[in-house]
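**Student:** Take a look at this one; I'll ask things after.
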Amino acid sequence: MSSGGFGSSCSLLQGRRFYCREWALDKLWRCLENRSVPGQPAGLLVTGGPGAGKTALCTEVVWPTSKAGVEVGLASRCLASHFCQREDQRSMGLVCPPPGYKEILNSPSVSSTLEPLTCQKDPDNTFKRAVLGPLLDLSPPAQTLMMVVDSIDVAFEAGIGGGKSGSIAELLAANQHLLPGWLLLVCSVRRHNKAVCKMFSGEKR
């Protein structure tokens with residue numbers, strides 16, 4: 001599996017050297033290994049102030065540059081990644097889809113929900129039919145995988161969806177409990193954004 005990514009959104013820190021946070025990579029690996037154990041949280045929330053290294057950590061997970069990052073082998077277990085940026089917000093892209101997932105997305109019943117207007121009208125239904133449904137229908141992979149979403153608090157405004165998810169943070173928070181047991185949701189958020197942190201209060205930190 002290539003750590004370069006299949007259709008993954010870009011990080012502004014991609015290619016930069018990673019320093020002094022090898023312990024965080026090891027903690028993430030342990031959380032990933034324990035994901036399938038009953039009672040374990042569905043996700044991991046990476047918190048910290050501006051400049052603390054949250055994006056650097058997420059970037060190292062997907063595109064490792066350090067010896068520790070390569071050796072821990074997290075990149076090959078990253079199913080999808082998205083780096084939220086005010087300058088360049090792109091849709092989530094699959095890094096390494098499990099066998100059968102792309103075929104499911106191409107089926108008429110699922111592909112119709114991916115039309116831009118349909119996504120905007122009901123993002124929660126699109127997420128359930130095009131992401132959750134296909135993932136739950138797949139046979140569990142040999143190893144647990146993860147989905148990395150960096151800076152989920154970017155452009156977050158509470159209540160703008162009018163009863164629907166109006167942001168990536170709201171969409172993931174509303175559906176995280178439905179993720180399959182073999183998938184770990186890894187998100188990063190600024191510690192001072194209490195509203196978003198509260199939405200993911202059940203995740204490990």
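By order of appearance in the structure tokens: chains A, B, ..., then residues from 1 within every chain, and ligands from 1 in the order shown.
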Which residues of range 32-126 of chain A sit at most 10 Å from range 147-153 of chain A, using only C-alpha atoms? Give each one's shortest atom pair and distance in Å (one decimal place), in chain and ascending residue order, as CSV.
**Tutor:**
```
residue,atom,partner,partner_atom,distance
A:Gly43,CA,A:Met147,CA,9.2
A:Leu44,CA,A:Val148,CA,9.6
A:Leu45,CA,A:Val149,CA,9.8
A:Val46,CA,A:Asp150,CA,8.8
A:Thr47,CA,A:Ser151,CA,9.6
A:Lys54,CA,A:Asp150,CA,7.6
A:Thr55,CA,A:Asp150,CA,6.2
A:Ala56,CA,A:Asp150,CA,9.6
A:Leu57,CA,A:Asp150,CA,9.3
A:Cys58,CA,A:Asp150,CA,6.5
A:Thr59,CA,A:Asp150,CA,8.6
A:Val61,CA,A:Val148,CA,8.5
A:Val62,CA,A:Val148,CA,8.2
A:Arg77,CA,A:Met147,CA,8.8
A:Cys78,CA,A:Met147,CA,5.9
A:Leu79,CA,A:Met147,CA,5.5
A:Ala80,CA,A:Met147,CA,4.8
A:Ser81,CA,A:Val148,CA,4.6
A:His82,CA,A:Val149,CA,4.8
A:Phe83,CA,A:Asp150,CA,4.8
A:Cys84,CA,A:Ser151,CA,5.5
A:Gln85,CA,A:Ser151,CA,7.6
A:Arg86,CA,A:Ser151,CA,9.9
A:Met92,CA,A:Val149,CA,8.6
A:Leu94,CA,A:Met147,CA,9.2
A:Val95,CA,A:Met147,CA,9.2
```
**Student:** Step one, run DSSP on the backbone; step two, keep only residues of range 20-80 of chain A assigned to strand (DSSP E or B); then write them as a list in words.
**Tutor:**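 Answer for range 20-80 of chain A restricted to strand (DSSP E or B) is Gly43, Leu44, Leu45, Val46, Thr47, Gly48, Cys78, Leu79 and Ala80 of chain A.
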**Student:** Quick one: everything within 9 Å of Val196 in chain A, counting only C-alpha atoms, minus sequence neighbours fewer than 4 positions away in the same chain. Send it as an MDAnalysis selection string.
**Tutor:** chainID A and resid 152:153 156 158 169:170 173 189:190 200:201
**Student:** Given the selection you just returned, output its residues as a file containing N, CA and C atoms, formatted as a compact mmCIF listing (two decimals), in the first residue's frame.
**Tutor:**
```txt
# COMPACT_ATOMS: atom_id res chain seq x y z
N ILE A 152 -10.87 19.50 12.50
CA ILE A 152 -12.31 19.39 12.26
C ILE A 152 -13.06 20.64 12.71
N ASP A 153 -12.40 21.51 13.49
CA ASP A 153 -13.07 22.72 13.94
C ASP A 153 -12.95 23.88 12.97
N PHE A 156 -16.17 25.71 11.64
CA PHE A 156 -17.32 25.18 12.39
C PHE A 156 -18.14 26.30 12.99
N ALA A 158 -21.80 26.36 15.12
CA ALA A 158 -22.88 25.55 15.69
C ALA A 158 -24.24 26.00 15.18
N ALA A 169 -17.37 18.34 11.28
CA ALA A 169 -17.38 17.98 12.69
C ALA A 169 -18.75 17.44 13.12
N GLU A 170 -19.81 18.13 12.73
CA GLU A 170 -21.15 17.68 13.09
C GLU A 170 -21.51 16.36 12.43
N ALA A 173 -19.53 13.60 14.26
CA ALA A 173 -20.01 13.43 15.64
C ALA A 173 -21.36 12.72 15.68
N VAL A 189 -8.35 18.71 16.87
CA VAL A 189 -9.13 19.91 17.14
C VAL A 189 -8.36 20.80 18.12
N ARG A 190 -8.52 22.10 18.00
CA ARG A 190 -7.90 23.01 18.95
C ARG A 190 -8.58 22.86 20.31
N PHE A 200 -17.28 15.31 20.78
CA PHE A 200 -16.53 14.06 20.71
C PHE A 200 -16.07 13.62 22.10
N SER A 201 -16.89 13.90 23.09
CA SER A 201 -16.51 13.62 24.47
C SER A 201 -16.30 12.14 24.76
```
**Student:** Which residue gives the smallest distance to Gly181 in chain A among A:Val70, A:Val37, A:Cys197, A:Ile104, with only C-alpha atoms counted?
**Tutor:**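 Smallest distance to Gly181 in chain A is found for A:Val37.
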**Student:** Using backbone DSSP assignments, extract all alpha helix (DSSP H) residues from range 35-205 of chain A; output them as a PyMOL selection string.
**Tutor:** chain A and resi 54-62+67-72+101-105+108-111+116-121+123-127+133-137+168-175+194-199
**Student:** Using only C-alpha atoms, which of the listed residues (A:Leu32, A:Gly48, A:Arg21, A:Met199) sits closest to Glu60 in chain A?
**Tutor:**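 For Glu60 in chain A, the nearest of the given residues is A:Arg21.
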**Student:** For the atom pair CA of Asn193 in chain A and CA of Gly69 in chain A, what is the interatomic distance in Å to one decimal place?
**Tutor:**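 Spanning CA of Asn193 in chain A to CA of Gly69 in chain A is a straight-line distance of 28.2 Å.
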**Student:** Between CA of Ala68 in chain A and CA of Leu25 in chain A, what distance in Å does the model show, to one decimal?
**Tutor:**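 Those two atoms sit 7.9 Å apart.
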**Student:** What does the distance between CA of Ser107 in chain A and CA of Asp124 in chain A come to in Å, to one decimal place?
**Tutor:**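 Interatomic distance, CA of Ser107 in chain A to CA of Asp124 in chain A: 19.1 Å.
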**Student:** Can you pull out every residue within 8 Å of Pro134 in chain A, counting only C-alpha atoms, but drop anything in the same chain fewer than 5 positions away, and send it as a PyMOL selection string?
**Tutor:** chain A and resi 101+104-105+129
**Student:** Quick one: write out the picked residues with N, CA and C atoms as a compact mmCIF listing (two decimals), in the first residue's frame?
**Tutor:**
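The file below, selection13.txt, is the result:
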```
# COMPACT_ATOMS: atom_id res chain seq x y z
N TYR A 101 -14.99 -2.00 -1.92
CA TYR A 101 -15.61 -0.71 -1.57
C TYR A 101 -15.86 0.16 -2.80
N ILE A 104 -18.91 -0.96 -4.64
CA ILE A 104 -20.15 -0.56 -3.97
C ILE A 104 -20.48 0.89 -4.28
N LEU A 105 -19.47 1.76 -4.28
CA LEU A 105 -19.70 3.18 -4.57
C LEU A 105 -20.20 3.39 -5.99
N ARG A 129 -25.39 6.39 3.44
CA ARG A 129 -25.55 5.49 2.29
C ARG A 129 -24.26 5.27 1.52
```
**Student:** Which residues, written as an MDAnalysis selection string, have at least one atom at most 10 Å from Leu114 in chain A, with only C-alpha atoms counted and residues fewer than 3 positions away on the same chain left out?
**Tutor:** chainID A and resid 105:106 109:111 117:120 123 126:127 129:130
